[in-house]
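J.: Got a structure here, written out as structure tokens. Questions coming.
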Amino acid sequence: MTQWILILITIIMANMPWMFSDFLFIKKFPSHKKPFSWALFEVVILYFVAGGISLLAELKVVGHIQPQAWEFFAVTFFLFLVFSFPGFIFKTLWK
């Protein structure tokens, strides 16, 4: 059950930069259009936030955090980008 909740949280967090015009929920752009580079930067920030939530869940459920190599983080980052694809299509290409 915990895995499905983490996947759902990750999918929601991956699509947040594309669904909201504010940068990390801070009103900064009065034109209601966030630049593409800021959205990508927000994707990277939210990847680390989602990773922190996952590490905390692993610590609480398993009791310790398994050490991972760089390959794990590269794969999870690109999986995060795949999860953000529907929001990107809706915001950038569909309009």
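Each chain of the structure tokens is named A, B, ... in the order shown, its residues numbered from 1; ligands are numbered from 1 in display order.
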Which residues are near Val49 in chain A? Cut-off 12 Å, only C-alpha atoms, ignore same chain within fewer than 3 positions. Put them as a count of residues only.
T.: 18
J.: Using Å and a single decimal, report how far CA of Met1 in chain A sits from CA of Gly87 in chain A.
T.: 25.0 Å
J.: Looking at only C-alpha atoms, which of A:Gln3, A:Tyr47, A:Ala57, A:Phe20 is the one that sits closest to Phe78 in chain A?
T.: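 The answer is A:Tyr47, which sits nearest to Phe78 in chain A.
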J.: Tell me which of A:Asn15, A:Thr76, A:Thr92, A:Ser21 sits closest to Lys33 in chain A, counting only C-alpha atoms.
T.: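 With only C-alpha atoms as the atom set, the closest residue is A:Ser21.
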J.: Nearest to Ile89 in chain A among A:Leu59, A:Ile11, A:Ile5, A:Met19, with distances taken over only C-alpha atoms: which residue is it?
T.: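 Of A:Leu59, A:Ile11, A:Ile5, A:Met19, the one nearest Ile89 in chain A is A:Met19, counting only C-alpha atoms.
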J.: Out of A:Phe48, A:Trp4, A:Trp18, A:Phe72, which residue has the shortest atom-to-atom distance to Phe90 in chain A when counting only C-alpha atoms?
T.: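 Closest residue, counting only C-alpha atoms: A:Trp18.
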J.: Just give me the gap between CA of Gln68 in chain A and CA of Ala50 in chain A in Å, one decimal is fine.
T.: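 Between CA of Gln68 in chain A and CA of Ala50 in chain A the gap works out to 16.0 Å.
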